[in-house]
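Contents: one structure, followed by commentary.
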There are 2 protein chains.
Amino acid sequence: MEPKPFMIIKDPEVAKLFADKTRVEILHNLRRREMTACQLAKMLGRNVSSISHHLSVLERAGLIKQTRTLVKGNLVERYYRALAWRFIISYTLSEGLIPGSEDISRWNKEICRNAAENLGIFGFEVSKDKIDRIQRLIERYSMLRNRTFEHVISRQKRSAEIRKPAMSLLVSLLTNAFLYRNSEYLRVIREFCEEIGIDEKDD
Amino acid sequence: MEPKPFMIIKDPEVAKLFADKTRVEILHNLRRREMTACQLAKMLGRNVSSISHHLSVLERAGLIKQTRTLVKGNLVERYYRALAWRFIISYTLSEGLIPGSEDISRWNKEICRNAAENLGIFGFEVSKDKIDRIQRLIERYSMLRNRTFEHVISRQKRSAEIRKPAMSLLVSLLTNAFLYRNSEYLRVIREFCEEIGIDEKDD
């Protein structure tokens, strides 16, 4: 069983599982190969009982699956594999549209704030009084992009014969093609360019 | 030493190292933590001498670095860490603009072909006589996007205080903002929309 390319997380309780670093690392490692609690514990430098607990939480959430069990004497070793290559937190959660997603929405706003405050890294020094406005544009950009991305992913029917880099390329192109038809998106990009001073000559 | 967020690969010989799955897995694992040849060998189910060889190749290419050595009796254990979170093959290589990058450019064209042939996955059934044209549009899209992405990355000065998701968000937004000012990019997107039949009503 190869993991599917994308899984969109729409349940806030499941999304919250991604706040834990160890769980993210477990998912990360189970994309490429099946592994047991014992192997993961060794790799991540944790004890087996803690990893086993994480595995049962992830399995109940539908993010991983048992692939096979190996009986060694009176020891049962269960192998697990992730169900997707990329887990995507739905925009409905990061926008706080679903009850119980308030924390996720707050976290999302913090990220947009942090982005707005750090434009200087890329040589765009913006005055303090502009930060709030830029943050709102970034929030809007992020929402429109994630919503369209989800729309593209959800159109997907089968994926057998396509190669992984070709799949990423198609998803990116289709997302941008749909956004190009979205007047609000074009307005957000234009206003952002104006705020930070990207003009026609830059390329 | 935390890895830097991005490293752009401009040397075709270095880019070719990414064709080997084991090397990619090694780099992948050394992003998050330092590891020894022995630990990597156990994890990837390979023998230590093969992993040691890969490590010395990757070190010579400037992709990983020794972080410390541990002397255990008469055994020296060297720890390694990747120098970046994401390694990006420069568009100058995938476009075959640099001598020695012909293979990389051919591989890139194959990916674009594979993408064009699989639009049906997303519900866009295109007739066979359109595939060549769509492939060329995808190639152009990919080049313009990668070139602009590289341009954004190369503007980057420091990254100390920014959080990882905020960094990704900024790079994505700035790339799209610059592309929005690029008339060839807008033309490619428009023609692609026309070819596959994304019209104004789709959103």
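Residue numbers start at 1 in each chain; chains themselves are named A, B, ... in the order of the structure tokens; ligands are numbered from 1 in the order shown.
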Quick one: DSSP helix (DSSP H, G or I) residues in chain A, as JSON, numbers by chain?
{"A": [12, 13, 14, 15, 16, 17, 18, 19, 21, 22, 23, 24, 25, 26, 27, 28, 29, 30, 31, 32, 37, 38, 39, 40, 41, 42, 43, 44, 48, 49, 50, 51, 52, 53, 54, 55, 56, 57, 58, 59, 60, 91, 92, 93, 94, 102, 103, 104, 105, 106, 107, 108, 109, 110, 111, 112, 113, 114, 115, 116, 117, 119, 120, 121, 122, 128, 129, 130, 131, 132, 133, 134, 135, 136, 137, 138, 139, 140, 141, 142, 143, 144, 145, 146, 147, 148, 149, 150, 151, 152, 153, 154, 155, 164, 165, 166, 167, 168, 169, 170, 171, 172, 173, 174, 175, 176, 177, 178, 179, 180, 183, 184, 185, 186, 187, 188, 189, 190, 191, 192, 193, 194, 195, 196]}
Find the residues in chain A near chain B: any atom within 6 Å counts, using only C-alpha atoms. Write them as a ChimeraX atom specification.
/A:111,115,121-122,155-158,166,170,177-178,181,189,200,203
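Excluding stretch 73-86 of chain B itself and any same-chain residue fewer than 3 positions from it, the protein and nucleic acid residues within 7 Å of it, counting only C-alpha atoms, are Pro3, Lys4, Pro5, Phe6, Met7, Leu27, Leu30, Arg31, Arg33, Glu34, Met35, Thr36, Leu63, Ile64, Lys65, Gln66, Thr67, Arg68, Thr69 and Leu70 of chain B.
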Could you turn the residues from that selection into a file that holds N, CA and C atoms, as an mmCIF file, in the first residue's frame?
data_model
loop_
_atom_site.group_PDB
_atom_site.id
_atom_site.type_symbol
_atom_site.label_atom_id
_atom_site.label_comp_id
_atom_site.auth_asym_id
_atom_site.auth_seq_id
_atom_site.Cartn_x
_atom_site.Cartn_y
_atom_site.Cartn_z
ATOM 1 N N PRO B 3 20.175 23.890 9.841
ATOM 2 C CA PRO B 3 20.310 24.034 8.375
ATOM 3 C C PRO B 3 19.646 25.332 7.899
ATOM 4 N N LYS B 4 20.152 25.937 6.835
ATOM 5 C CA LYS B 4 19.462 27.109 6.303
ATOM 6 C C LYS B 4 18.202 26.656 5.546
ATOM 7 N N PRO B 5 17.225 27.559 5.337
ATOM 8 C CA PRO B 5 15.954 27.099 4.757
ATOM 9 C C PRO B 5 16.098 26.535 3.336
ATOM 10 N N PHE B 6 16.913 27.181 2.495
ATOM 11 C CA PHE B 6 17.026 26.764 1.093
ATOM 12 C C PHE B 6 18.477 26.768 0.631
ATOM 13 N N MET B 7 18.804 25.847 -0.256
ATOM 14 C CA MET B 7 20.082 25.922 -0.960
ATOM 15 C C MET B 7 19.794 25.642 -2.434
ATOM 16 N N LEU B 27 19.941 12.793 3.111
ATOM 17 C CA LEU B 27 19.784 14.252 3.252
ATOM 18 C C LEU B 27 18.527 14.586 4.042
ATOM 19 N N LEU B 30 19.042 13.986 7.721
ATOM 20 C CA LEU B 30 20.027 14.863 8.369
ATOM 21 C C LEU B 30 19.539 16.309 8.482
ATOM 22 N N ARG B 31 18.333 16.591 7.979
ATOM 23 C CA ARG B 31 17.769 17.929 8.158
ATOM 24 C C ARG B 31 17.370 18.163 9.607
ATOM 25 N N ARG B 33 18.153 16.223 12.421
ATOM 26 C CA ARG B 33 19.069 15.859 13.506
ATOM 27 C C ARG B 33 20.399 15.418 12.937
ATOM 28 N N GLU B 34 21.437 15.470 13.785
ATOM 29 C CA GLU B 34 22.726 14.929 13.363
ATOM 30 C C GLU B 34 22.689 13.419 13.553
ATOM 31 N N MET B 35 23.349 12.697 12.646
ATOM 32 C CA MET B 35 23.370 11.235 12.740
ATOM 33 C C MET B 35 24.724 10.719 12.249
ATOM 34 N N THR B 36 25.048 9.498 12.678
ATOM 35 C CA THR B 36 26.289 8.864 12.234
ATOM 36 C C THR B 36 25.972 7.886 11.092
ATOM 37 N N LEU B 63 26.869 19.493 0.671
ATOM 38 C CA LEU B 63 25.456 19.375 1.033
ATOM 39 C C LEU B 63 25.265 19.028 2.509
ATOM 40 N N ILE B 64 26.289 18.372 3.094
ATOM 41 C CA ILE B 64 26.245 18.049 4.529
ATOM 42 C C ILE B 64 27.585 18.440 5.156
ATOM 43 N N LYS B 65 27.611 18.411 6.477
ATOM 44 C CA LYS B 65 28.777 18.886 7.219
ATOM 45 C C LYS B 65 28.964 18.012 8.449
ATOM 46 N N GLN B 66 30.213 17.768 8.828
ATOM 47 C CA GLN B 66 30.445 17.073 10.096
ATOM 48 C C GLN B 66 30.166 18.034 11.237
ATOM 49 N N THR B 67 29.373 17.559 12.208
ATOM 50 C CA THR B 67 29.047 18.430 13.339
ATOM 51 C C THR B 67 29.950 18.142 14.528
ATOM 52 N N ARG B 68 30.256 16.869 14.770
ATOM 53 C CA ARG B 68 31.174 16.516 15.862
ATOM 54 C C ARG B 68 31.630 15.079 15.686
ATOM 55 N N THR B 69 32.687 14.702 16.391
ATOM 56 C CA THR B 69 33.152 13.312 16.368
ATOM 57 C C THR B 69 33.176 12.809 17.802
ATOM 58 N N LEU B 70 32.834 11.541 17.937
ATOM 59 C CA LEU B 70 32.783 10.923 19.252
ATOM 60 C C LEU B 70 33.770 9.757 19.223
#
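Reported to one decimal place, the separation of atom CA of B:His53 from atom CA of B:Ser105 is 27.2 Å.
Note that DSSP on the backbone gives strand (DSSP E) to these residues of stretch 36-197 of chain B: Ile64, Lys65, Gln66, Thr67, Arg68, Thr69, Leu70, Val71, Lys72, Leu75, Val76, Glu77, Arg78, Tyr79, Tyr80, Arg81, Ala82, Ala84, Trp85, Arg86, Phe87, Ile88 and Ile89 of chain B.
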Residue subset to file, keeping N, CA, C and O atoms, as a PDB file, in the first residue's frame:
ATOM      1  N   ILE B  64      26.289  18.372   3.094  1.00  0.00           N
ATOM      2  CA  ILE B  64      26.245  18.049   4.529  1.00  0.00           C
ATOM      3  C   ILE B  64      27.585  18.440   5.156  1.00  0.00           C
ATOM      4  O   ILE B  64      28.552  18.743   4.441  1.00  0.00           O
ATOM      5  N   LYS B  65      27.611  18.411   6.477  1.00  0.00           N
ATOM      6  CA  LYS B  65      28.777  18.886   7.219  1.00  0.00           C
ATOM      7  C   LYS B  65      28.964  18.012   8.449  1.00  0.00           C
ATOM      8  O   LYS B  65      27.973  17.573   9.048  1.00  0.00           O
ATOM      9  N   GLN B  66      30.213  17.768   8.828  1.00  0.00           N
ATOM     10  CA  GLN B  66      30.445  17.073  10.096  1.00  0.00           C
ATOM     11  C   GLN B  66      30.166  18.034  11.237  1.00  0.00           C
ATOM     12  O   GLN B  66      30.619  19.173  11.225  1.00  0.00           O
ATOM     13  N   THR B  67      29.373  17.559  12.208  1.00  0.00           N
ATOM     14  CA  THR B  67      29.047  18.430  13.339  1.00  0.00           C
ATOM     15  C   THR B  67      29.950  18.142  14.528  1.00  0.00           C
ATOM     16  O   THR B  67      30.354  19.031  15.245  1.00  0.00           O
ATOM     17  N   ARG B  68      30.256  16.869  14.770  1.00  0.00           N
ATOM     18  CA  ARG B  68      31.174  16.516  15.862  1.00  0.00           C
ATOM     19  C   ARG B  68      31.630  15.079  15.686  1.00  0.00           C
ATOM     20  O   ARG B  68      31.036  14.316  14.920  1.00  0.00           O
ATOM     21  N   THR B  69      32.687  14.702  16.391  1.00  0.00           N
ATOM     22  CA  THR B  69      33.152  13.312  16.368  1.00  0.00           C
ATOM     23  C   THR B  69      33.176  12.809  17.802  1.00  0.00           C
ATOM     24  O   THR B  69      33.453  13.554  18.735  1.00  0.00           O
ATOM     25  N   LEU B  70      32.834  11.541  17.937  1.00  0.00           N
ATOM     26  CA  LEU B  70      32.783  10.923  19.252  1.00  0.00           C
ATOM     27  C   LEU B  70      33.770   9.757  19.223  1.00  0.00           C
ATOM     28  O   LEU B  70      33.662   8.886  18.352  1.00  0.00           O
ATOM     29  N   VAL B  71      34.729   9.742  20.129  1.00  0.00           N
ATOM     30  CA  VAL B  71      35.663   8.626  20.164  1.00  0.00           C
ATOM     31  C   VAL B  71      35.192   7.597  21.191  1.00  0.00           C
ATOM     32  O   VAL B  71      35.019   7.904  22.359  1.00  0.00           O
ATOM     33  N   LYS B  72      34.913   6.361  20.681  1.00  0.00           N
ATOM     34  CA  LYS B  72      34.470   5.256  21.547  1.00  0.00           C
ATOM     35  C   LYS B  72      35.526   4.163  21.452  1.00  0.00           C
ATOM     36  O   LYS B  72      35.532   3.414  20.483  1.00  0.00           O
ATOM     37  N   LEU B  75      37.218   3.491  18.143  1.00  0.00           N
ATOM     38  CA  LEU B  75      36.255   3.765  17.068  1.00  0.00           C
ATOM     39  C   LEU B  75      35.917   5.259  17.070  1.00  0.00           C
ATOM     40  O   LEU B  75      35.603   5.830  18.098  1.00  0.00           O
ATOM     41  N   VAL B  76      35.972   5.867  15.883  1.00  0.00           N
ATOM     42  CA  VAL B  76      35.582   7.274  15.787  1.00  0.00           C
ATOM     43  C   VAL B  76      34.210   7.368  15.122  1.00  0.00           C
ATOM     44  O   VAL B  76      34.026   6.859  14.021  1.00  0.00           O
ATOM     45  N   GLU B  77      33.259   7.973  15.823  1.00  0.00           N
ATOM     46  CA  GLU B  77      31.933   8.160  15.223  1.00  0.00           C
ATOM     47  C   GLU B  77      31.776   9.606  14.800  1.00  0.00           C
ATOM     48  O   GLU B  77      31.835  10.513  15.614  1.00  0.00           O
ATOM     49  N   ARG B  78      31.542   9.803  13.498  1.00  0.00           N
ATOM     50  CA  ARG B  78      31.347  11.156  12.970  1.00  0.00           C
ATOM     51  C   ARG B  78      29.860  11.441  12.818  1.00  0.00           C
ATOM     52  O   ARG B  78      29.149  10.656  12.199  1.00  0.00           O
ATOM     53  N   TYR B  79      29.447  12.578  13.354  1.00  0.00           N
ATOM     54  CA  TYR B  79      28.056  13.003  13.195  1.00  0.00           C
ATOM     55  C   TYR B  79      27.951  14.000  12.044  1.00  0.00           C
ATOM     56  O   TYR B  79      28.835  14.840  11.881  1.00  0.00           O
ATOM     57  N   TYR B  80      26.882  13.891  11.264  1.00  0.00           N
ATOM     58  CA  TYR B  80      26.666  14.777  10.114  1.00  0.00           C
ATOM     59  C   TYR B  80      25.324  15.473  10.225  1.00  0.00           C
ATOM     60  O   TYR B  80      24.389  14.942  10.830  1.00  0.00           O
ATOM     61  N   ARG B  81      25.241  16.630   9.579  1.00  0.00           N
ATOM     62  CA  ARG B  81      23.970  17.354   9.499  1.00  0.00           C
ATOM     63  C   ARG B  81      23.866  17.973   8.105  1.00  0.00           C
ATOM     64  O   ARG B  81      24.873  18.408   7.529  1.00  0.00           O
ATOM     65  N   ALA B  82      22.639  18.017   7.561  1.00  0.00           N
ATOM     66  CA  ALA B  82      22.430  18.641   6.244  1.00  0.00           C
ATOM     67  C   ALA B  82      22.618  20.146   6.364  1.00  0.00           C
ATOM     68  O   ALA B  82      22.354  20.731   7.418  1.00  0.00           O
ATOM     69  N   ALA B  84      20.993  22.389   4.473  1.00  0.00           N
ATOM     70  CA  ALA B  84      19.754  23.119   4.159  1.00  0.00           C
ATOM     71  C   ALA B  84      18.547  22.213   4.368  1.00  0.00           C
ATOM     72  O   ALA B  84      18.656  20.983   4.336  1.00  0.00           O
ATOM     73  N   TRP B  85      17.390  22.831   4.575  1.00  0.00           N
ATOM     74  CA  TRP B  85      16.136  22.095   4.697  1.00  0.00           C
ATOM     75  C   TRP B  85      15.637  21.667   3.334  1.00  0.00           C
ATOM     76  O   TRP B  85      15.097  20.588   3.164  1.00  0.00           O
ATOM     77  N   ARG B  86      15.777  22.563   2.378  1.00  0.00           N
ATOM     78  CA  ARG B  86      15.339  22.233   1.022  1.00  0.00           C
ATOM     79  C   ARG B  86      16.453  22.508   0.041  1.00  0.00           C
ATOM     80  O   ARG B  86      17.021  23.599   0.044  1.00  0.00           O
ATOM     81  N   PHE B  87      16.758  21.516  -0.785  1.00  0.00           N
ATOM     82  CA  PHE B  87      17.735  21.687  -1.849  1.00  0.00           C
ATOM     83  C   PHE B  87      16.958  21.861  -3.143  1.00  0.00           C
ATOM     84  O   PHE B  87      16.082  21.042  -3.465  1.00  0.00           O
ATOM     85  N   ILE B  88      17.264  22.925  -3.865  1.00  0.00           N
ATOM     86  CA  ILE B  88      16.495  23.233  -5.077  1.00  0.00           C
ATOM     87  C   ILE B  88      17.411  23.196  -6.290  1.00  0.00           C
ATOM     88  O   ILE B  88      18.437  23.885  -6.325  1.00  0.00           O
ATOM     89  N   ILE B  89      17.047  22.370  -7.263  1.00  0.00           N
ATOM     90  CA  ILE B  89      17.821  22.300  -8.497  1.00  0.00           C
ATOM     91  C   ILE B  89      17.531  23.587  -9.287  1.00  0.00           C
ATOM     92  O   ILE B  89      16.381  23.864  -9.614  1.00  0.00           O
TER      93      ILE B  89
END
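One finds atom CA of A:Ile104 at 10.1 Å from atom CA of A:Glu13.
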Residues at most 10 Å from B:Pro99, counting only C-alpha atoms, excluding those fewer than 3 positions away in the same chain, as a PyMOL selection string?
chain B and resi 11-12+92-93+96+102
Could those selected residues go to a file with all heavy atoms, as a PDB file, in the first residue's frame?
ATOM      1  N   ASP B  11      25.391  23.456  -9.727  1.00  0.00           N
ATOM      2  CA  ASP B  11      26.428  22.616 -10.330  1.00  0.00           C
ATOM      3  C   ASP B  11      25.768  21.319 -10.808  1.00  0.00           C
ATOM      4  O   ASP B  11      25.203  20.571 -10.000  1.00  0.00           O
ATOM      5  CB  ASP B  11      27.503  22.338  -9.265  1.00  0.00           C
ATOM      6  CG  ASP B  11      28.616  21.441  -9.767  1.00  0.00           C
ATOM      7  OD1 ASP B  11      28.389  20.661 -10.724  1.00  0.00           O
ATOM      8  OD2 ASP B  11      29.717  21.496  -9.186  1.00  0.00           O
ATOM      9  N   PRO B  12      25.836  21.021 -12.125  1.00  0.00           N
ATOM     10  CA  PRO B  12      25.153  19.813 -12.634  1.00  0.00           C
ATOM     11  C   PRO B  12      25.637  18.528 -11.965  1.00  0.00           C
ATOM     12  O   PRO B  12      24.841  17.606 -11.749  1.00  0.00           O
ATOM     13  CB  PRO B  12      25.464  19.823 -14.135  1.00  0.00           C
ATOM     14  CG  PRO B  12      26.440  20.906 -14.385  1.00  0.00           C
ATOM     15  CD  PRO B  12      26.448  21.811 -13.196  1.00  0.00           C
ATOM     16  N   THR B  92      18.481  26.974 -14.150  1.00  0.00           N
ATOM     17  CA  THR B  92      19.532  27.010 -15.182  1.00  0.00           C
ATOM     18  C   THR B  92      19.956  25.584 -15.567  1.00  0.00           C
ATOM     19  O   THR B  92      20.394  25.344 -16.692  1.00  0.00           O
ATOM     20  CB  THR B  92      20.766  27.789 -14.694  1.00  0.00           C
ATOM     21  OG1 THR B  92      21.191  27.244 -13.431  1.00  0.00           O
ATOM     22  CG2 THR B  92      20.460  29.264 -14.513  1.00  0.00           C
ATOM     23  N   LEU B  93      19.787  24.637 -14.627  1.00  0.00           N
ATOM     24  CA  LEU B  93      20.091  23.235 -14.936  1.00  0.00           C
ATOM     25  C   LEU B  93      18.890  22.559 -15.595  1.00  0.00           C
ATOM     26  O   LEU B  93      19.038  21.870 -16.604  1.00  0.00           O
ATOM     27  CB  LEU B  93      20.476  22.480 -13.665  1.00  0.00           C
ATOM     28  CG  LEU B  93      21.680  23.030 -12.895  1.00  0.00           C
ATOM     29  CD1 LEU B  93      21.946  22.188 -11.665  1.00  0.00           C
ATOM     30  CD2 LEU B  93      22.909  23.069 -13.786  1.00  0.00           C
ATOM     31  N   GLY B  96      18.696  23.286 -19.042  1.00  0.00           N
ATOM     32  CA  GLY B  96      19.852  22.890 -19.843  1.00  0.00           C
ATOM     33  C   GLY B  96      20.721  24.067 -20.269  1.00  0.00           C
ATOM     34  O   GLY B  96      21.380  24.015 -21.311  1.00  0.00           O
ATOM     35  N   GLU B 102      22.442  18.550 -19.586  1.00  0.00           N
ATOM     36  CA  GLU B 102      21.533  18.012 -20.606  1.00  0.00           C
ATOM     37  C   GLU B 102      20.612  16.923 -20.041  1.00  0.00           C
ATOM     38  O   GLU B 102      19.411  16.909 -20.340  1.00  0.00           O
ATOM     39  CB  GLU B 102      22.313  17.468 -21.806  1.00  0.00           C
ATOM     40  CG  GLU B 102      23.108  18.517 -22.578  1.00  0.00           C
ATOM     41  CD  GLU B 102      24.423  18.946 -21.879  1.00  0.00           C
ATOM     42  OE1 GLU B 102      24.813  18.285 -20.876  1.00  0.00           O
ATOM     43  OE2 GLU B 102      25.039  19.925 -22.317  1.00  0.00           O
TER      44      GLU B 102
END
Report, in Å to a single decimal, how far apart atom CA of A:Leu144 and atom CA of A:Glu184 are.
8.5 Å
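Distances here use only C-alpha atoms; by that measure, the residue among B:Ile26, B:Ile8, B:Leu97, B:Val126 closest to B:Arg46 is B:Ile26.
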Residues near stretch 54-61 of chain A, anyone? I mean within 8 Å using only C-alpha atoms, not counting same-chain ones fewer than 5 positions away, as a ChimeraX atom specification.
/A:14,17,23,37,66
